[in-house]
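Visitor: Hey, dropping model_30.pdb in here, PDB, C-alpha atoms:
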```
ATOM      1  CA  MET L   1     129.665 123.218 109.426  1.00  0.00           C
ATOM      2  CA  THR L   2     133.312 124.392 109.499  1.00  0.00           C
ATOM      3  CA  THR L   3     134.515 120.830 108.917  1.00  0.00           C
ATOM      4  CA  ASP L   4     132.192 120.425 105.922  1.00  0.00           C
ATOM      5  CA  PHE L   5     133.393 123.718 104.450  1.00  0.00           C
ATOM      6  CA  SER L   6     137.017 122.708 105.005  1.00  0.00           C
ATOM      7  CA  ARG L   7     136.393 119.362 103.286  1.00  0.00           C
ATOM      8  CA  LEU L   8     134.765 121.094 100.330  1.00  0.00           C
ATOM      9  CA  ARG L   9     137.647 123.564 100.137  1.00  0.00           C
ATOM     10  CA  ARG L  10     140.167 120.686 100.084  1.00  0.00           C
ATOM     11  CA  GLU L  11     138.196 118.910  97.348  1.00  0.00           C
ATOM     12  CA  ASP L  12     138.128 122.085  95.245  1.00  0.00           C
ATOM     13  CA  LEU L  13     141.864 122.569  95.734  1.00  0.00           C
ATOM     14  CA  LEU L  14     142.594 118.962  94.775  1.00  0.00           C
ATOM     15  CA  LYS L  15     140.419 119.250  91.674  1.00  0.00           C
ATOM     16  CA  THR L  16     142.246 122.411  90.635  1.00  0.00           C
ATOM     17  CA  ALA L  17     145.617 120.805  91.371  1.00  0.00           C
ATOM     18  CA  CYS L  18     144.714 117.866  89.107  1.00  0.00           C
ATOM     19  CA  GLU L  19     143.770 120.237  86.294  1.00  0.00           C
ATOM     20  CA  VAL L  20     146.974 122.254  86.584  1.00  0.00           C
ATOM     21  CA  ILE L  21     149.200 119.161  86.874  1.00  0.00           C
ATOM     22  CA  ALA L  22     147.492 117.553  83.874  1.00  0.00           C
ATOM     23  CA  GLU L  23     148.166 120.706  81.869  1.00  0.00           C
ATOM     24  CA  GLN L  24     151.729 121.420  83.000  1.00  0.00           C
ATOM     25  CA  GLY L  25     153.028 118.115  84.361  1.00  0.00           C
ATOM     26  CA  PHE L  26     154.323 117.238  87.829  1.00  0.00           C
ATOM     27  CA  GLY L  27     157.813 118.500  87.004  1.00  0.00           C
ATOM     28  CA  HIS L  28     156.697 121.932  85.785  1.00  0.00           C
ATOM     29  CA  THR L  29     153.896 122.700  88.238  1.00  0.00           C
ATOM     30  CA  ARG L  30     154.579 125.041  91.141  1.00  0.00           C
ATOM     31  CA  THR L  31     152.392 125.490  94.181  1.00  0.00           C
ATOM     32  CA  LEU L  32     152.082 129.115  93.045  1.00  0.00           C
ATOM     33  CA  ASP L  33     150.474 127.903  89.795  1.00  0.00           C
ATOM     34  CA  ILE L  34     147.900 125.890  91.726  1.00  0.00           C
ATOM     35  CA  SER L  35     147.132 128.651  94.242  1.00  0.00           C
ATOM     36  CA  ARG L  36     146.646 131.160  91.421  1.00  0.00           C
ATOM     37  CA  ALA L  37     144.373 128.802  89.483  1.00  0.00           C
ATOM     38  CA  ALA L  38     142.354 128.161  92.649  1.00  0.00           C
ATOM     39  CA  GLY L  39     142.210 131.862  93.558  1.00  0.00           C
ATOM     40  CA  VAL L  40     143.760 131.308  96.991  1.00  0.00           C
ATOM     41  CA  SER L  41     147.019 132.164  98.706  1.00  0.00           C
ATOM     42  CA  GLN L  42     149.920 129.733  98.901  1.00  0.00           C
ATOM     43  CA  ALA L  43     149.585 129.988 102.685  1.00  0.00           C
ATOM     44  CA  LEU L  44     146.078 128.508 102.467  1.00  0.00           C
ATOM     45  CA  LEU L  45     147.373 125.782 100.162  1.00  0.00           C
ATOM     46  CA  PHE L  46     150.044 124.825 102.696  1.00  0.00           C
ATOM     47  CA  TYR L  47     147.504 125.032 105.508  1.00  0.00           C
ATOM     48  CA  HIS L  48     145.672 122.132 103.870  1.00  0.00           C
ATOM     49  CA  PHE L  49     148.721 120.309 102.497  1.00  0.00           C
ATOM     50  CA  ASP L  50     152.002 120.387 104.402  1.00  0.00           C
ATOM     51  CA  THR L  51     154.335 120.074 101.415  1.00  0.00           C
ATOM     52  CA  LYS L  52     154.304 120.228  97.627  1.00  0.00           C
ATOM     53  CA  ASP L  53     154.947 116.474  97.429  1.00  0.00           C
ATOM     54  CA  ARG L  54     152.037 115.819  99.774  1.00  0.00           C
ATOM     55  CA  LEU L  55     149.769 118.066  97.697  1.00  0.00           C
ATOM     56  CA  PHE L  56     150.740 116.258  94.497  1.00  0.00           C
ATOM     57  CA  ALA L  57     150.214 112.824  96.044  1.00  0.00           C
ATOM     58  CA  GLN L  58     146.811 113.838  97.423  1.00  0.00           C
ATOM     59  CA  ALA L  59     145.817 115.377  94.091  1.00  0.00           C
ATOM     60  CA  PHE L  60     146.617 112.109  92.345  1.00  0.00           C
ATOM     61  CA  GLY L  61     144.776 110.274  95.126  1.00  0.00           C
ATOM     62  CA  HIS L  62     141.751 112.487  94.454  1.00  0.00           C
ATOM     63  CA  ALA L  63     141.805 111.566  90.753  1.00  0.00           C
ATOM     64  CA  ALA L  64     142.265 107.924  91.731  1.00  0.00           C
ATOM     65  CA  ARG L  65     139.183 108.011  93.993  1.00  0.00           C
ATOM     66  CA  LEU L  66     137.051 109.346  91.150  1.00  0.00           C
ATOM     67  CA  HIS L  67     138.348 106.629  88.843  1.00  0.00           C
ATOM     68  CA  LEU L  68     137.748 103.911  91.443  1.00  0.00           C
ATOM     69  CA  GLU L  69     134.191 105.183  91.986  1.00  0.00           C
ATOM     70  CA  SER L  70     133.513 104.808  88.267  1.00  0.00           C
ATOM     71  CA  LEU L  71     134.908 101.255  88.383  1.00  0.00           C
ATOM     72  CA  ALA L  72     132.678 100.454  91.372  1.00  0.00           C
ATOM     73  CA  TYR L  73     129.666 101.706  89.398  1.00  0.00           C
ATOM     74  CA  ILE L  74     130.502  99.257  86.590  1.00  0.00           C
ATOM     75  CA  GLU L  75     131.107  96.445  89.077  1.00  0.00           C
ATOM     76  CA  ASP L  76     127.768  97.005  90.837  1.00  0.00           C
ATOM     77  CA  SER L  77     125.832  97.180  87.576  1.00  0.00           C
ATOM     78  CA  ALA L  78     123.246  94.494  86.854  1.00  0.00           C
ATOM     79  CA  ALA L  79     124.175  94.641  83.154  1.00  0.00           C
ATOM     80  CA  SER L  80     125.410  91.623  81.229  1.00  0.00           C
ATOM     81  CA  PRO L  81     129.147  90.800  81.170  1.00  0.00           C
ATOM     82  CA  LEU L  82     129.380  92.099  77.591  1.00  0.00           C
ATOM     83  CA  GLU L  83     127.707  95.395  78.560  1.00  0.00           C
ATOM     84  CA  ARG L  84     129.985  95.777  81.591  1.00  0.00           C
ATOM     85  CA  LEU L  85     132.983  94.997  79.391  1.00  0.00           C
ATOM     86  CA  ARG L  86     131.913  97.721  76.964  1.00  0.00           C
ATOM     87  CA  ALA L  87     131.508 100.178  79.853  1.00  0.00           C
ATOM     88  CA  LEU L  88     134.958  99.334  81.229  1.00  0.00           C
ATOM     89  CA  LEU L  89     136.594  99.680  77.816  1.00  0.00           C
ATOM     90  CA  ARG L  90     134.893 103.065  77.346  1.00  0.00           C
ATOM     91  CA  ARG L  91     136.053 104.192  80.800  1.00  0.00           C
ATOM     92  CA  CYS L  92     139.650 103.105  80.197  1.00  0.00           C
ATOM     93  CA  SER L  93     139.825 103.807  76.481  1.00  0.00           C
ATOM     94  CA  PRO L  94     143.223 105.081  75.318  1.00  0.00           C
ATOM     95  CA  ALA L  95     141.309 107.036  72.671  1.00  0.00           C
ATOM     96  CA  THR L  96     139.546 109.251  75.203  1.00  0.00           C
ATOM     97  CA  PRO L  97     140.735 112.846  74.740  1.00  0.00           C
ATOM     98  CA  SER L  98     141.027 113.883  78.362  1.00  0.00           C
ATOM     99  CA  ASP L  99     143.307 115.485  80.909  1.00  0.00           C
ATOM    100  CA  GLU L 100     142.971 112.296  82.912  1.00  0.00           C
ATOM    101  CA  TRP L 101     145.291 110.291  80.668  1.00  0.00           C
ATOM    102  CA  ARG L 102     147.901 113.058  80.769  1.00  0.00           C
ATOM    103  CA  LEU L 103     147.723 112.978  84.556  1.00  0.00           C
ATOM    104  CA  TRP L 104     148.060 109.165  84.673  1.00  0.00           C
ATOM    105  CA  ILE L 105     150.994 109.088  82.251  1.00  0.00           C
ATOM    106  CA  ASP L 106     152.849 111.803  84.140  1.00  0.00           C
ATOM    107  CA  ALA L 107     152.079 110.119  87.471  1.00  0.00           C
ATOM    108  CA  TRP L 108     153.479 106.793  86.224  1.00  0.00           C
ATOM    109  CA  ALA L 109     156.770 108.513  85.451  1.00  0.00           C
ATOM    110  CA  GLU L 110     156.806 110.239  88.860  1.00  0.00           C
ATOM    111  CA  ALA L 111     155.868 106.968  90.611  1.00  0.00           C
ATOM    112  CA  MET L 112     159.353 105.642  89.903  1.00  0.00           C
ATOM    113  CA  ARG L 113     160.623 108.257  92.369  1.00  0.00           C
ATOM    114  CA  SER L 114     157.658 108.630  94.741  1.00  0.00           C
ATOM    115  CA  SER L 115     156.499 105.767  96.952  1.00  0.00           C
ATOM    116  CA  GLU L 116     153.130 107.509  97.536  1.00  0.00           C
ATOM    117  CA  LEU L 117     152.394 107.854  93.819  1.00  0.00           C
ATOM    118  CA  GLU L 118     153.623 104.306  93.181  1.00  0.00           C
ATOM    119  CA  GLU L 119     151.253 102.919  95.813  1.00  0.00           C
ATOM    120  CA  ILE L 120     148.280 104.837  94.422  1.00  0.00           C
ATOM    121  CA  SER L 121     148.950 103.889  90.794  1.00  0.00           C
ATOM    122  CA  ARG L 122     149.504 100.237  91.757  1.00  0.00           C
ATOM    123  CA  ARG L 123     146.182 100.199  93.629  1.00  0.00           C
ATOM    124  CA  ILE L 124     144.328 101.663  90.628  1.00  0.00           C
ATOM    125  CA  ASP L 125     145.914  99.155  88.253  1.00  0.00           C
ATOM    126  CA  ALA L 126     145.094  96.240  90.554  1.00  0.00           C
ATOM    127  CA  ARG L 127     141.469  97.382  90.900  1.00  0.00           C
ATOM    128  CA  GLY L 128     141.018  97.654  87.145  1.00  0.00           C
ATOM    129  CA  ARG L 129     142.524  94.208  86.571  1.00  0.00           C
ATOM    130  CA  SER L 130     140.344  92.694  89.285  1.00  0.00           C
ATOM    131  CA  LEU L 131     137.200  94.169  87.737  1.00  0.00           C
ATOM    132  CA  LEU L 132     138.099  92.996  84.238  1.00  0.00           C
ATOM    133  CA  ARG L 133     138.860  89.505  85.506  1.00  0.00           C
ATOM    134  CA  SER L 134     135.484  89.283  87.283  1.00  0.00           C
ATOM    135  CA  ILE L 135     133.717  90.435  84.096  1.00  0.00           C
ATOM    136  CA  ILE L 136     135.540  87.816  82.042  1.00  0.00           C
ATOM    137  CA  GLU L 137     134.795  85.066  84.561  1.00  0.00           C
ATOM    138  CA  ASP L 138     131.104  86.030  84.641  1.00  0.00           C
ATOM    139  CA  GLY L 139     131.083  85.968  80.847  1.00  0.00           C
ATOM    140  CA  LEU L 140     132.707  82.528  80.803  1.00  0.00           C
ATOM    141  CA  ARG L 141     130.135  81.135  83.239  1.00  0.00           C
ATOM    142  CA  MET L 142     127.310  82.497  81.070  1.00  0.00           C
ATOM    143  CA  GLY L 143     128.871  81.271  77.825  1.00  0.00           C
ATOM    144  CA  ALA L 144     129.289  84.814  76.480  1.00  0.00           C
ATOM    145  CA  PHE L 145     133.100  84.642  76.287  1.00  0.00           C
ATOM    146  CA  ALA L 146     135.700  82.033  75.355  1.00  0.00           C
ATOM    147  CA  CYS L 147     139.040  82.520  77.072  1.00  0.00           C
ATOM    148  CA  GLY L 148     141.587  79.898  78.117  1.00  0.00           C
ATOM    149  CA  ASP L 149     143.363  81.960  80.784  1.00  0.00           C
ATOM    150  CA  PRO L 150     141.498  85.011  82.167  1.00  0.00           C
ATOM    151  CA  GLU L 151     144.454  86.227  84.223  1.00  0.00           C
ATOM    152  CA  ASP L 152     146.806  86.317  81.245  1.00  0.00           C
ATOM    153  CA  ALA L 153     144.099  87.937  79.101  1.00  0.00           C
ATOM    154  CA  VAL L 154     143.619  90.673  81.708  1.00  0.00           C
ATOM    155  CA  TRP L 155     147.331  91.483  81.743  1.00  0.00           C
ATOM    156  CA  ARG L 156     147.525  91.594  77.949  1.00  0.00           C
ATOM    157  CA  ILE L 157     144.419  93.797  77.624  1.00  0.00           C
ATOM    158  CA  PHE L 158     145.571  96.329  80.210  1.00  0.00           C
ATOM    159  CA  ALA L 159     149.103  96.349  78.825  1.00  0.00           C
ATOM    160  CA  LEU L 160     147.606  97.180  75.435  1.00  0.00           C
ATOM    161  CA  ILE L 161     145.367  99.910  76.878  1.00  0.00           C
ATOM    162  CA  ASP L 162     148.315 101.535  78.664  1.00  0.00           C
ATOM    163  CA  GLY L 163     150.637 101.213  75.661  1.00  0.00           C
ATOM    164  CA  LEU L 164     148.089 102.639  73.238  1.00  0.00           C
ATOM    165  CA  ALA L 165     147.339 105.486  75.657  1.00  0.00           C
ATOM    166  CA  LEU L 166     151.026 106.385  75.740  1.00  0.00           C
ATOM    167  CA  GLN L 167     151.211 106.383  71.958  1.00  0.00           C
ATOM    168  CA  THR L 168     148.031 108.375  71.341  1.00  0.00           C
ATOM    169  CA  HIS L 169     148.739 110.998  74.006  1.00  0.00           C
ATOM    170  CA  VAL L 170     152.523 111.299  73.710  1.00  0.00           C
ATOM    171  CA  HIS L 171     152.762 110.732  69.923  1.00  0.00           C
ATOM    172  CA  PRO L 172     149.357 111.849  68.612  1.00  0.00           C
ATOM    173  CA  LYS L 173     150.641 112.267  65.054  1.00  0.00           C
ATOM    174  CA  VAL L 174     151.839 108.659  64.935  1.00  0.00           C
ATOM    175  CA  LEU L 175     148.689 106.858  66.116  1.00  0.00           C
ATOM    176  CA  SER L 176     145.205 108.316  65.795  1.00  0.00           C
ATOM    177  CA  ARG L 177     142.652 107.813  68.534  1.00  0.00           C
ATOM    178  CA  ARG L 178     140.347 106.095  66.065  1.00  0.00           C
ATOM    179  CA  ARG L 179     143.068 103.603  65.124  1.00  0.00           C
ATOM    180  CA  ALA L 180     143.878 103.001  68.796  1.00  0.00           C
ATOM    181  CA  ALA L 181     140.206 102.262  69.532  1.00  0.00           C
ATOM    182  CA  THR L 182     140.062  99.806  66.614  1.00  0.00           C
ATOM    183  CA  LEU L 183     143.244  98.045  67.727  1.00  0.00           C
ATOM    184  CA  LEU L 184     141.876  97.683  71.245  1.00  0.00           C
ATOM    185  CA  ARG L 185     138.476  96.332  70.136  1.00  0.00           C
ATOM    186  CA  THR L 186     140.115  93.831  67.786  1.00  0.00           C
ATOM    187  CA  ALA L 187     142.531  92.577  70.446  1.00  0.00           C
ATOM    188  CA  VAL L 188     139.864  92.260  73.163  1.00  0.00           C
ATOM    189  CA  ALA L 189     137.545  90.460  70.756  1.00  0.00           C
ATOM    190  CA  ALA L 190     140.305  87.958  69.950  1.00  0.00           C
ATOM    191  CA  GLU L 191     141.105  87.458  73.653  1.00  0.00           C
ATOM    192  CA  LEU L 192     137.478  86.775  74.601  1.00  0.00           C
ATOM    193  CA  GLY L 193     136.086  85.092  71.497  1.00  0.00           C
ATOM    194  CA  VAL L 194     133.548  87.764  70.651  1.00  0.00           C
ATOM    195  CA  ALA L 195     132.911  89.780  67.494  1.00  0.00           C
ATOM    196  CA  ALA L 196     134.810  93.079  67.449  1.00  0.00           C
ATOM    197  CA  GLU L 197     131.700  94.902  66.228  1.00  0.00           C
ATOM    198  CA  ASN L 198     129.942  93.928  69.483  1.00  0.00           C
ATOM    199  CA  LEU L 199     132.448  95.874  71.561  1.00  0.00           C
TER     200      LEU L 199
END
```
What does the file become when written as structure tokens?
Guide:
Amino acid sequence: MTTDFSRLRREDLLKTACEVIAEQGFGHTRTLDISRAAGVSQALLFYHFDTKDRLFAQAFGHAARLHLESLAYIEDSAASPLERLRALLRRCSPATPSDEWRLWIDAWAEAMRSSELEEISRRIDARGRSLLRSIIEDGLRMGAFACGDPEDAVWRIFALIDGLALQTHVHPKVLSRRRAATLLRTAVAAELGVAAENL
């Protein structure tokens, strides 16, 4: 019972930490900000997480687990390759107005200085690429897609998603979310030989 409560408490703290970090950024967030938002003392925060760096890494790991669970749901789906592709593009869309993208973008910057964040972000990226490649290969086997090199296509598609996300969330007045979504659909359609309106 105590262990279950402690696990729930940690999950709540990690969720709150993600929200605060997404709002303020890794560089501007203090443990005091997180403890206040969670309605707990800093002592309790440090009881669960030894250091600020550890808390930040585990918060990002928490967000990563949720993202990976959503990818697993798409992977396990019995839907067609085109339907799974649509679901993956919706899940990873740079046009999605969410705190999640702000967290990812900030974490990428921090990952250049934190081996823990680098490992987590690399694992998420690899999982997304693996899922997209399996969708493309399934689509090729079923004749739904036409793609000469799935691996190269995967890299180009995810590079575009990440680049468009940076533009729409860092420079929102330069590139609208609607335009970003259109650019992504058009590029993916060209990569996989499908009509853009089907995506």
Visitor: Taking into account all atoms listed in the file, which residue in the set L:Arg129, L:Lys52, L:Arg9, L:Arg141 is nearest to Leu89 (chain L)?
Guide: L:Arg129
Visitor: Give me the residues near region 153-162 of chain L as a PyMOL selection string, where near means some atom within 8 Å (using only C-alpha atoms) and where sequence neighbours in that chain fewer than 5 positions away do not count.
Guide: chain L and resi 92-94+129+132-133+147+184+187-188+191
Visitor: Starting from the point (141.1, 118.5, 96.0), work out which residues of protein, DNA or RNA have an atom no more than 12 Å away when counting only C-alpha atoms; state them as a PyMOL selection string.
Guide: chain L and resi 6-20+34-35+38+45+48-49+54-66
Visitor: Would you mind telling me which residue in L:Glu69, L:Asp106, L:Glu23, L:Asp76 lies nearest to Ala165 (chain L) when using only C-alpha atoms?
Guide: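 Ranking L:Glu69, L:Asp106, L:Glu23, L:Asp76 by distance to Ala165 (chain L), first place goes to L:Asp106.
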Visitor: Need the neighbours of (134.2, 96.2, 73.7): which residues are at most 6 Å away, counting all atoms listed in the file, as a ChimeraX atom specification?
Guide: /L:85-86,89,185,199
Visitor: What separation in Å, quoted to one decimal, exists between CA of Thr96 (chain L) and CA of Gly128 (chain L)?
Guide: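 Interatomic distance, CA of Thr96 (chain L) to CA of Gly128 (chain L): 16.7 Å.
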Visitor: Any chance you could model N, CA, C and O atoms for region 108-121 of chain L and send them as a short mmCIF file (atom, residue, chain, number, x, y, z; two decimals), keeping the file's coordinate frame?
Guide:
```
data_model
loop_
_atom_site.label_atom_id
_atom_site.label_comp_id
_atom_site.auth_asym_id
_atom_site.auth_seq_id
_atom_site.Cartn_x
_atom_site.Cartn_y
_atom_site.Cartn_z
N TRP L 108 152.68 108.03 86.35
CA TRP L 108 153.48 106.79 86.22
C TRP L 108 154.97 107.11 86.23
O TRP L 108 155.76 106.43 86.88
N ALA L 109 155.35 108.14 85.49
CA ALA L 109 156.77 108.51 85.45
C ALA L 109 157.25 108.95 86.84
O ALA L 109 158.32 108.54 87.30
N GLU L 110 156.44 109.77 87.53
CA GLU L 110 156.81 110.24 88.86
C GLU L 110 156.80 109.10 89.88
O GLU L 110 157.53 109.15 90.87
N ALA L 111 155.98 108.09 89.66
CA ALA L 111 155.87 106.97 90.61
C ALA L 111 157.17 106.20 90.76
O ALA L 111 157.39 105.53 91.77
N MET L 112 158.05 106.30 89.78
CA MET L 112 159.35 105.64 89.90
C MET L 112 160.22 106.31 90.97
O MET L 112 161.18 105.72 91.44
N ARG L 113 159.85 107.52 91.37
CA ARG L 113 160.62 108.26 92.37
C ARG L 113 159.81 108.60 93.62
O ARG L 113 160.33 109.17 94.56
N SER L 114 158.52 108.29 93.61
CA SER L 114 157.66 108.63 94.74
C SER L 114 156.90 107.39 95.20
O SER L 114 156.10 106.84 94.46
N SER L 115 157.16 106.97 96.43
CA SER L 115 156.50 105.77 96.95
C SER L 115 154.99 105.99 97.09
O SER L 115 154.21 105.06 96.89
N GLU L 116 154.58 107.24 97.41
CA GLU L 116 153.13 107.51 97.54
C GLU L 116 152.42 107.37 96.19
O GLU L 116 151.37 106.75 96.09
N LEU L 117 153.01 107.96 95.14
CA LEU L 117 152.39 107.85 93.82
C LEU L 117 152.44 106.42 93.31
O LEU L 117 151.51 105.96 92.66
N GLU L 118 153.51 105.71 93.61
CA GLU L 118 153.62 104.31 93.18
C GLU L 118 152.52 103.47 93.82
O GLU L 118 151.88 102.65 93.16
N GLU L 119 152.28 103.69 95.11
CA GLU L 119 151.25 102.92 95.81
C GLU L 119 149.87 103.20 95.24
O GLU L 119 149.07 102.29 95.03
N ILE L 120 149.59 104.46 94.97
CA ILE L 120 148.28 104.84 94.42
C ILE L 120 148.09 104.25 93.03
O ILE L 120 147.05 103.65 92.73
N SER L 121 149.10 104.39 92.16
CA SER L 121 148.95 103.89 90.79
C SER L 121 148.85 102.37 90.79
O SER L 121 148.09 101.80 90.00
#
```
